[in-house]
Amino acid sequence: MSLYTQSMTCGMGLVLHLSLSLSRLHFCFSHLNAITPIMVASATSKLLVSDIASSVDHVPSNYVRPFSDRPNLSEVETSGAVSIPLIDLQELHGPNRADIINQLAHACSTYGFFQIKNHGVPEKTIERIMTVAREFFRQPESERVKHYSEDPKKTTRLSTSFNVGLEKVSNWRDFLRLHCFPVEDFINEWPSSPVSFREATAEYATSVRTLVLILLEAISESLGLVKDRISNTLGKHGQHMALNYYPPCPQPDLTYGLPGHKDPNLITVLLQDEVSGLQVFKDGKWVAVHPVPNTFIVNIGDQMQVISNDKYKSVLHRAVVNSDKERISIPTFYCPSSDAVISPPQELINEEEDSPAVYRSFTYAEYFDKFWGRALATESCLDLFKVTSTS
Ligand code: OGA
Ligand code: NI
């Protein structure tokens, strides 16, 4: 664990930035005893990257990636106006439904990513969640850190990077993660400041869930399954959200907002503000997906890859940071409930022909524990659940 960092900026006195995890407090302060009293007096302990970002002109060493693992921003494909398919969901409800279902099948199998417009989530609802997210992260540190936790099992928590307990290099991101279905089970543990936080978040979560259920029916159909087939494999269903906050970063070439990863859940619906940062791995290259107003980005998660028996792909993606603008993104992670048993459906399996089951059955709890039990890695957890896997 390399969370103990010191970065010193010169002036009349030394300013000492300590970024440390709660579990390291004892270590850090016992270490400080050896430092001169004047430095101790100006030392501040910072849990969140948003509270160091504006006072450093270099990325502290615990955020610096080794050479072989840097974003290489000059090699990213950024020019394409439309880097992933854009699908108009309005047409799902009309005579062109079959065409839209085909577009979805193509997007899910070839890209693992698509953008949607006319998705039915009201513009006001989107504006309100973006506003409360921005307000939340602008609150004083003392208000924000009340929600801080490094325990991935907590159903509402503010944290930083990805999994601070396990990772060697930190990421330039803070995030508030919330469970949000059923809303009434969790709303009382969500932040109550800013004052409209709970109402705006509940409204957004409910509206996005309606959208996800429509998408799940269409995706079921696109796989040749009955409409409610995917929904019926998810047990009681689960829905989590993250409010991601990426502060401006003095050296965006050295670090990530989030390094390359695949989402472990079923399907992700991402709302992003007007600042670019998301990149998707396609044909051996990283491709920037620029924000388009009033659209969401949807990506296939690992559970959908299993349920489609590998027809649809959970694809590597990452978030990079930039030196002059903060960025907010709000992914909704739709997932099975913990006790749901996931496996490729019988309808998609034919052991005699060329479509044997690629994955064994497992509970979502088992998968989730594997995912969070390690640092964020480009190697997918999926391989561990293959029929042929020996682990
Ligand atoms: C995520 C994610 C991308 C982004 O939170 O899993 O991929 O643009 N976020 O913030
Ligand atoms: Ni992701």
# chains A, B, ... in the order shown; residues from 1 in each chain; ligands from 1
>>> residues_near_ligand(ligand="ligand 1", cutoff="6 Å", atoms="only C-alpha atoms and all ligand atoms", output="NGL selection string")
:A and (263 or 277-278 or 318-319 or 329 or 331)
>>> residues_near_ligand(ligand="ligand 2", cutoff="9 Å", atoms="only C-alpha atoms and all ligand atoms", output="list in words")
Leu258, Gly260, His261, Lys262, Asp263, Pro264, Thr268, Leu270, Asn299, Gly301, Leu316, His317, Arg318, Ala319, Pro331 and Phe333 of chain A
>>> closest_residue(among="A:Phe186, A:Tyr63, A:Tyr367, A:Tyr245", to="A:Val164", atoms="only C-alpha atoms")
A:Tyr63
>>> select_by_dssp(residues="stretch 78-185 of chain A", states="strand (DSSP E)", output="PDB file with all heavy atoms, in the first residue's frame")
ATOM      1  N   LEU A  86     -25.074   5.413 -32.451  1.00  0.00           N
ATOM      2  CA  LEU A  86     -26.094   6.233 -31.782  1.00  0.00           C
ATOM      3  C   LEU A  86     -27.458   5.649 -32.143  1.00  0.00           C
ATOM      4  O   LEU A  86     -27.816   5.540 -33.324  1.00  0.00           O
ATOM      5  CB  LEU A  86     -25.983   7.688 -32.259  1.00  0.00           C
ATOM      6  CG  LEU A  86     -27.061   8.649 -31.745  1.00  0.00           C
ATOM      7  CD1 LEU A  86     -27.048   8.753 -30.222  1.00  0.00           C
ATOM      8  CD2 LEU A  86     -26.885  10.036 -32.364  1.00  0.00           C
ATOM      9  N   ILE A  87     -28.214   5.246 -31.154  1.00  0.00           N
ATOM     10  CA  ILE A  87     -29.491   4.559 -31.402  1.00  0.00           C
ATOM     11  C   ILE A  87     -30.640   5.412 -30.879  1.00  0.00           C
ATOM     12  O   ILE A  87     -30.593   5.914 -29.751  1.00  0.00           O
ATOM     13  CB  ILE A  87     -29.477   3.152 -30.742  1.00  0.00           C
ATOM     14  CG1 ILE A  87     -28.329   2.328 -31.359  1.00  0.00           C
ATOM     15  CG2 ILE A  87     -30.814   2.445 -30.913  1.00  0.00           C
ATOM     16  CD1 ILE A  87     -28.174   0.930 -30.799  1.00  0.00           C
ATOM     17  N   ASP A  88     -31.648   5.587 -31.721  1.00  0.00           N
ATOM     18  CA  ASP A  88     -32.809   6.410 -31.368  1.00  0.00           C
ATOM     19  C   ASP A  88     -33.896   5.518 -30.758  1.00  0.00           C
ATOM     20  O   ASP A  88     -34.558   4.761 -31.459  1.00  0.00           O
ATOM     21  CB  ASP A  88     -33.325   7.102 -32.636  1.00  0.00           C
ATOM     22  CG  ASP A  88     -34.449   8.076 -32.321  1.00  0.00           C
ATOM     23  OD1 ASP A  88     -34.978   8.050 -31.179  1.00  0.00           O
ATOM     24  OD2 ASP A  88     -34.795   8.859 -33.224  1.00  0.00           O
ATOM     25  N   PHE A 113     -20.753  -1.119 -26.646  1.00  0.00           N
ATOM     26  CA  PHE A 113     -21.054   0.259 -26.230  1.00  0.00           C
ATOM     27  C   PHE A 113     -21.993   0.901 -27.241  1.00  0.00           C
ATOM     28  O   PHE A 113     -21.860   0.663 -28.442  1.00  0.00           O
ATOM     29  CB  PHE A 113     -19.761   1.099 -26.262  1.00  0.00           C
ATOM     30  CG  PHE A 113     -19.108   1.278 -24.923  1.00  0.00           C
ATOM     31  CD1 PHE A 113     -18.248   0.309 -24.423  1.00  0.00           C
ATOM     32  CD2 PHE A 113     -19.335   2.415 -24.168  1.00  0.00           C
ATOM     33  CE1 PHE A 113     -17.633   0.470 -23.183  1.00  0.00           C
ATOM     34  CE2 PHE A 113     -18.717   2.588 -22.932  1.00  0.00           C
ATOM     35  CZ  PHE A 113     -17.867   1.617 -22.444  1.00  0.00           C
ATOM     36  N   PHE A 114     -22.927   1.712 -26.811  1.00  0.00           N
ATOM     37  CA  PHE A 114     -23.690   2.545 -27.740  1.00  0.00           C
ATOM     38  C   PHE A 114     -24.213   3.770 -27.007  1.00  0.00           C
ATOM     39  O   PHE A 114     -24.183   3.832 -25.772  1.00  0.00           O
ATOM     40  CB  PHE A 114     -24.829   1.766 -28.417  1.00  0.00           C
ATOM     41  CG  PHE A 114     -25.752   1.024 -27.479  1.00  0.00           C
ATOM     42  CD1 PHE A 114     -26.941   1.609 -27.041  1.00  0.00           C
ATOM     43  CD2 PHE A 114     -25.449  -0.260 -27.032  1.00  0.00           C
ATOM     44  CE1 PHE A 114     -27.798   0.925 -26.179  1.00  0.00           C
ATOM     45  CE2 PHE A 114     -26.298  -0.947 -26.168  1.00  0.00           C
ATOM     46  CZ  PHE A 114     -27.473  -0.359 -25.745  1.00  0.00           C
ATOM     47  N   GLN A 115     -24.641   4.742 -27.815  1.00  0.00           N
ATOM     48  CA  GLN A 115     -25.240   5.952 -27.255  1.00  0.00           C
ATOM     49  C   GLN A 115     -26.726   5.897 -27.542  1.00  0.00           C
ATOM     50  O   GLN A 115     -27.129   5.338 -28.567  1.00  0.00           O
ATOM     51  CB  GLN A 115     -24.658   7.181 -27.971  1.00  0.00           C
ATOM     52  CG  GLN A 115     -23.750   7.969 -27.097  1.00  0.00           C
ATOM     53  CD  GLN A 115     -22.750   8.825 -27.849  1.00  0.00           C
ATOM     54  OE1 GLN A 115     -22.492   8.608 -29.033  1.00  0.00           O
ATOM     55  NE2 GLN A 115     -22.192   9.779 -27.169  1.00  0.00           N
ATOM     56  N   ILE A 116     -27.545   6.479 -26.665  1.00  0.00           N
ATOM     57  CA  ILE A 116     -28.986   6.485 -26.950  1.00  0.00           C
ATOM     58  C   ILE A 116     -29.558   7.901 -26.859  1.00  0.00           C
ATOM     59  O   ILE A 116     -29.142   8.697 -26.019  1.00  0.00           O
ATOM     60  CB  ILE A 116     -29.764   5.550 -25.981  1.00  0.00           C
ATOM     61  CG1 ILE A 116     -29.389   5.818 -24.514  1.00  0.00           C
ATOM     62  CG2 ILE A 116     -29.518   4.091 -26.330  1.00  0.00           C
ATOM     63  CD1 ILE A 116     -30.210   5.015 -23.517  1.00  0.00           C
ATOM     64  N   LYS A 117     -30.475   8.191 -27.767  1.00  0.00           N
ATOM     65  CA  LYS A 117     -31.225   9.445 -27.665  1.00  0.00           C
ATOM     66  C   LYS A 117     -32.716   9.138 -27.590  1.00  0.00           C
ATOM     67  O   LYS A 117     -33.131   8.004 -27.836  1.00  0.00           O
ATOM     68  CB  LYS A 117     -30.895  10.380 -28.826  1.00  0.00           C
ATOM     69  CG  LYS A 117     -31.286   9.872 -30.194  1.00  0.00           C
ATOM     70  CD  LYS A 117     -30.974  10.950 -31.228  1.00  0.00           C
ATOM     71  CE  LYS A 117     -31.411  10.513 -32.609  1.00  0.00           C
ATOM     72  NZ  LYS A 117     -31.173  11.504 -33.650  1.00  0.00           N
ATOM     73  N   THR A 156     -23.714   2.985   0.993  1.00  0.00           N
ATOM     74  CA  THR A 156     -23.559   4.400   0.631  1.00  0.00           C
ATOM     75  C   THR A 156     -22.180   4.813   1.116  1.00  0.00           C
ATOM     76  O   THR A 156     -21.870   4.647   2.301  1.00  0.00           O
ATOM     77  CB  THR A 156     -24.602   5.282   1.351  1.00  0.00           C
ATOM     78  OG1 THR A 156     -25.909   4.884   0.946  1.00  0.00           O
ATOM     79  CG2 THR A 156     -24.410   6.754   1.018  1.00  0.00           C
ATOM     80  N   ARG A 157     -21.347   5.294   0.231  1.00  0.00           N
ATOM     81  CA  ARG A 157     -20.022   5.710   0.709  1.00  0.00           C
ATOM     82  C   ARG A 157     -19.334   6.638  -0.281  1.00  0.00           C
ATOM     83  O   ARG A 157     -19.503   6.524  -1.494  1.00  0.00           O
ATOM     84  CB  ARG A 157     -19.116   4.504   0.968  1.00  0.00           C
ATOM     85  CG  ARG A 157     -18.766   3.744  -0.282  1.00  0.00           C
ATOM     86  CD  ARG A 157     -17.841   2.571   0.059  1.00  0.00           C
ATOM     87  NE  ARG A 157     -17.428   1.890  -1.161  1.00  0.00           N
ATOM     88  CZ  ARG A 157     -16.175   1.755  -1.559  1.00  0.00           C
ATOM     89  NH1 ARG A 157     -15.185   2.229  -0.833  1.00  0.00           N
ATOM     90  NH2 ARG A 157     -15.875   1.123  -2.676  1.00  0.00           N
ATOM     91  N   LEU A 158     -18.562   7.540   0.296  1.00  0.00           N
ATOM     92  CA  LEU A 158     -17.685   8.394  -0.487  1.00  0.00           C
ATOM     93  C   LEU A 158     -16.300   7.792  -0.397  1.00  0.00           C
ATOM     94  O   LEU A 158     -15.864   7.376   0.679  1.00  0.00           O
ATOM     95  CB  LEU A 158     -17.678   9.800   0.110  1.00  0.00           C
ATOM     96  CG  LEU A 158     -16.750  10.816  -0.552  1.00  0.00           C
ATOM     97  CD1 LEU A 158     -17.233  11.177  -1.943  1.00  0.00           C
ATOM     98  CD2 LEU A 158     -16.655  12.092   0.303  1.00  0.00           C
ATOM     99  N   SER A 159     -15.619   7.711  -1.518  1.00  0.00           N
ATOM    100  CA  SER A 159     -14.252   7.217  -1.475  1.00  0.00           C
ATOM    101  C   SER A 159     -13.450   7.858  -2.586  1.00  0.00           C
ATOM    102  O   SER A 159     -13.925   8.788  -3.253  1.00  0.00           O
ATOM    103  CB  SER A 159     -14.229   5.685  -1.554  1.00  0.00           C
ATOM    104  OG  SER A 159     -12.975   5.216  -1.104  1.00  0.00           O
ATOM    105  N   THR A 160     -12.256   7.356  -2.786  1.00  0.00           N
ATOM    106  CA  THR A 160     -11.371   7.949  -3.784  1.00  0.00           C
ATOM    107  C   THR A 160     -10.693   6.835  -4.556  1.00  0.00           C
ATOM    108  O   THR A 160     -10.686   5.688  -4.108  1.00  0.00           O
ATOM    109  CB  THR A 160     -10.344   8.873  -3.075  1.00  0.00           C
ATOM    110  OG1 THR A 160      -9.654   9.644  -4.050  1.00  0.00           O
ATOM    111  CG2 THR A 160      -9.350   8.058  -2.247  1.00  0.00           C
ATOM    112  N   ASP A 174     -12.542  11.030  -7.174  1.00  0.00           N
ATOM    113  CA  ASP A 174     -13.318  10.759  -5.965  1.00  0.00           C
ATOM    114  C   ASP A 174     -14.685  10.267  -6.420  1.00  0.00           C
ATOM    115  O   ASP A 174     -15.135  10.602  -7.518  1.00  0.00           O
ATOM    116  CB  ASP A 174     -13.496  12.037  -5.125  1.00  0.00           C
ATOM    117  CG  ASP A 174     -12.173  12.518  -4.518  1.00  0.00           C
ATOM    118  OD1 ASP A 174     -11.275  11.677  -4.310  1.00  0.00           O
ATOM    119  OD2 ASP A 174     -12.048  13.732  -4.283  1.00  0.00           O
ATOM    120  N   PHE A 175     -15.337   9.482  -5.601  1.00  0.00           N
ATOM    121  CA  PHE A 175     -16.673   9.015  -6.010  1.00  0.00           C
ATOM    122  C   PHE A 175     -17.575   8.768  -4.814  1.00  0.00           C
ATOM    123  O   PHE A 175     -17.131   8.354  -3.747  1.00  0.00           O
ATOM    124  CB  PHE A 175     -16.587   7.742  -6.863  1.00  0.00           C
ATOM    125  CG  PHE A 175     -16.005   6.548  -6.131  1.00  0.00           C
ATOM    126  CD1 PHE A 175     -16.834   5.576  -5.584  1.00  0.00           C
ATOM    127  CD2 PHE A 175     -14.621   6.391  -6.000  1.00  0.00           C
ATOM    128  CE1 PHE A 175     -16.306   4.467  -4.925  1.00  0.00           C
ATOM    129  CE2 PHE A 175     -14.083   5.288  -5.339  1.00  0.00           C
ATOM    130  CZ  PHE A 175     -14.924   4.330  -4.799  1.00  0.00           C
ATOM    131  N   LEU A 176     -18.845   9.079  -5.037  1.00  0.00           N
ATOM    132  CA  LEU A 176     -19.865   8.747  -4.054  1.00  0.00           C
ATOM    133  C   LEU A 176     -20.648   7.603  -4.658  1.00  0.00           C
ATOM    134  O   LEU A 176     -21.199   7.732  -5.756  1.00  0.00           O
ATOM    135  CB  LEU A 176     -20.771   9.961  -3.832  1.00  0.00           C
ATOM    136  CG  LEU A 176     -21.903   9.758  -2.832  1.00  0.00           C
ATOM    137  CD1 LEU A 176     -21.359   9.585  -1.413  1.00  0.00           C
ATOM    138  CD2 LEU A 176     -22.855  10.962  -2.858  1.00  0.00           C
ATOM    139  N   ARG A 177     -20.667   6.480  -3.984  1.00  0.00           N
ATOM    140  CA  ARG A 177     -21.358   5.318  -4.529  1.00  0.00           C
ATOM    141  C   ARG A 177     -22.586   5.027  -3.686  1.00  0.00           C
ATOM    142  O   ARG A 177     -22.528   5.028  -2.456  1.00  0.00           O
ATOM    143  CB  ARG A 177     -20.405   4.126  -4.545  1.00  0.00           C
ATOM    144  CG  ARG A 177     -20.844   3.085  -5.535  1.00  0.00           C
ATOM    145  CD  ARG A 177     -19.837   1.999  -5.772  1.00  0.00           C
ATOM    146  NE  ARG A 177     -20.569   0.880  -6.351  1.00  0.00           N
ATOM    147  CZ  ARG A 177     -20.376   0.405  -7.569  1.00  0.00           C
ATOM    148  NH1 ARG A 177     -19.437   0.885  -8.324  1.00  0.00           N
ATOM    149  NH2 ARG A 177     -21.116  -0.600  -8.013  1.00  0.00           N
ATOM    150  N   LEU A 178     -23.714   4.794  -4.357  1.00  0.00           N
ATOM    151  CA  LEU A 178     -24.990   4.607  -3.666  1.00  0.00           C
ATOM    152  C   LEU A 178     -25.714   3.384  -4.199  1.00  0.00           C
ATOM    153  O   LEU A 178     -25.786   3.204  -5.419  1.00  0.00           O
ATOM    154  CB  LEU A 178     -25.937   5.780  -3.955  1.00  0.00           C
ATOM    155  CG  LEU A 178     -25.461   7.198  -3.871  1.00  0.00           C
ATOM    156  CD1 LEU A 178     -26.461   8.093  -4.581  1.00  0.00           C
ATOM    157  CD2 LEU A 178     -25.339   7.584  -2.412  1.00  0.00           C
ATOM    158  N   HIS A 179     -26.266   2.596  -3.333  1.00  0.00           N
ATOM    159  CA  HIS A 179     -27.252   1.613  -3.797  1.00  0.00           C
ATOM    160  C   HIS A 179     -28.565   2.376  -3.941  1.00  0.00           C
ATOM    161  O   HIS A 179     -28.887   3.228  -3.109  1.00  0.00           O
ATOM    162  CB  HIS A 179     -27.394   0.478  -2.787  1.00  0.00           C
ATOM    163  CG  HIS A 179     -26.228  -0.480  -2.804  1.00  0.00           C
ATOM    164  ND1 HIS A 179     -26.374  -1.832  -2.639  1.00  0.00           N
ATOM    165  CD2 HIS A 179     -24.904  -0.260  -2.989  1.00  0.00           C
ATOM    166  CE1 HIS A 179     -25.181  -2.425  -2.716  1.00  0.00           C
ATOM    167  NE2 HIS A 179     -24.283  -1.486  -2.918  1.00  0.00           N
TER     168      HIS A 179
END
>>> residues_around(residues="A:Phe137", least_positions_apart="2", cutoff="12 Å", atoms="only C-alpha atoms", output="ChimeraX atom specification")
/A:48-51,130-135,139-145,147,158-159,173-176,191,193-194,197,243-247,326-328
>>> closest_residue(among="A:Asp99, A:Val320, A:Glu150, A:Thr78", to="A:Gln251", atoms="only C-alpha atoms")
A:Val320
>>> atom_distance(atom1="atom CA of A:Val341", atom2="atom CA of A:Asp310")
17.2 Å
>>> closest_residue(among="A:Val315, A:Ile52, A:Val289, A:Val76", to="A:Leu382", atoms="only C-alpha atoms")
A:Val315
>>> residues_around(residues="A:Tyr312", least_positions_apart="3", cutoff="9 Å", atoms="only C-alpha atoms", output="PyMOL selection string")
chain A and resi 105+107-112+300+304-309
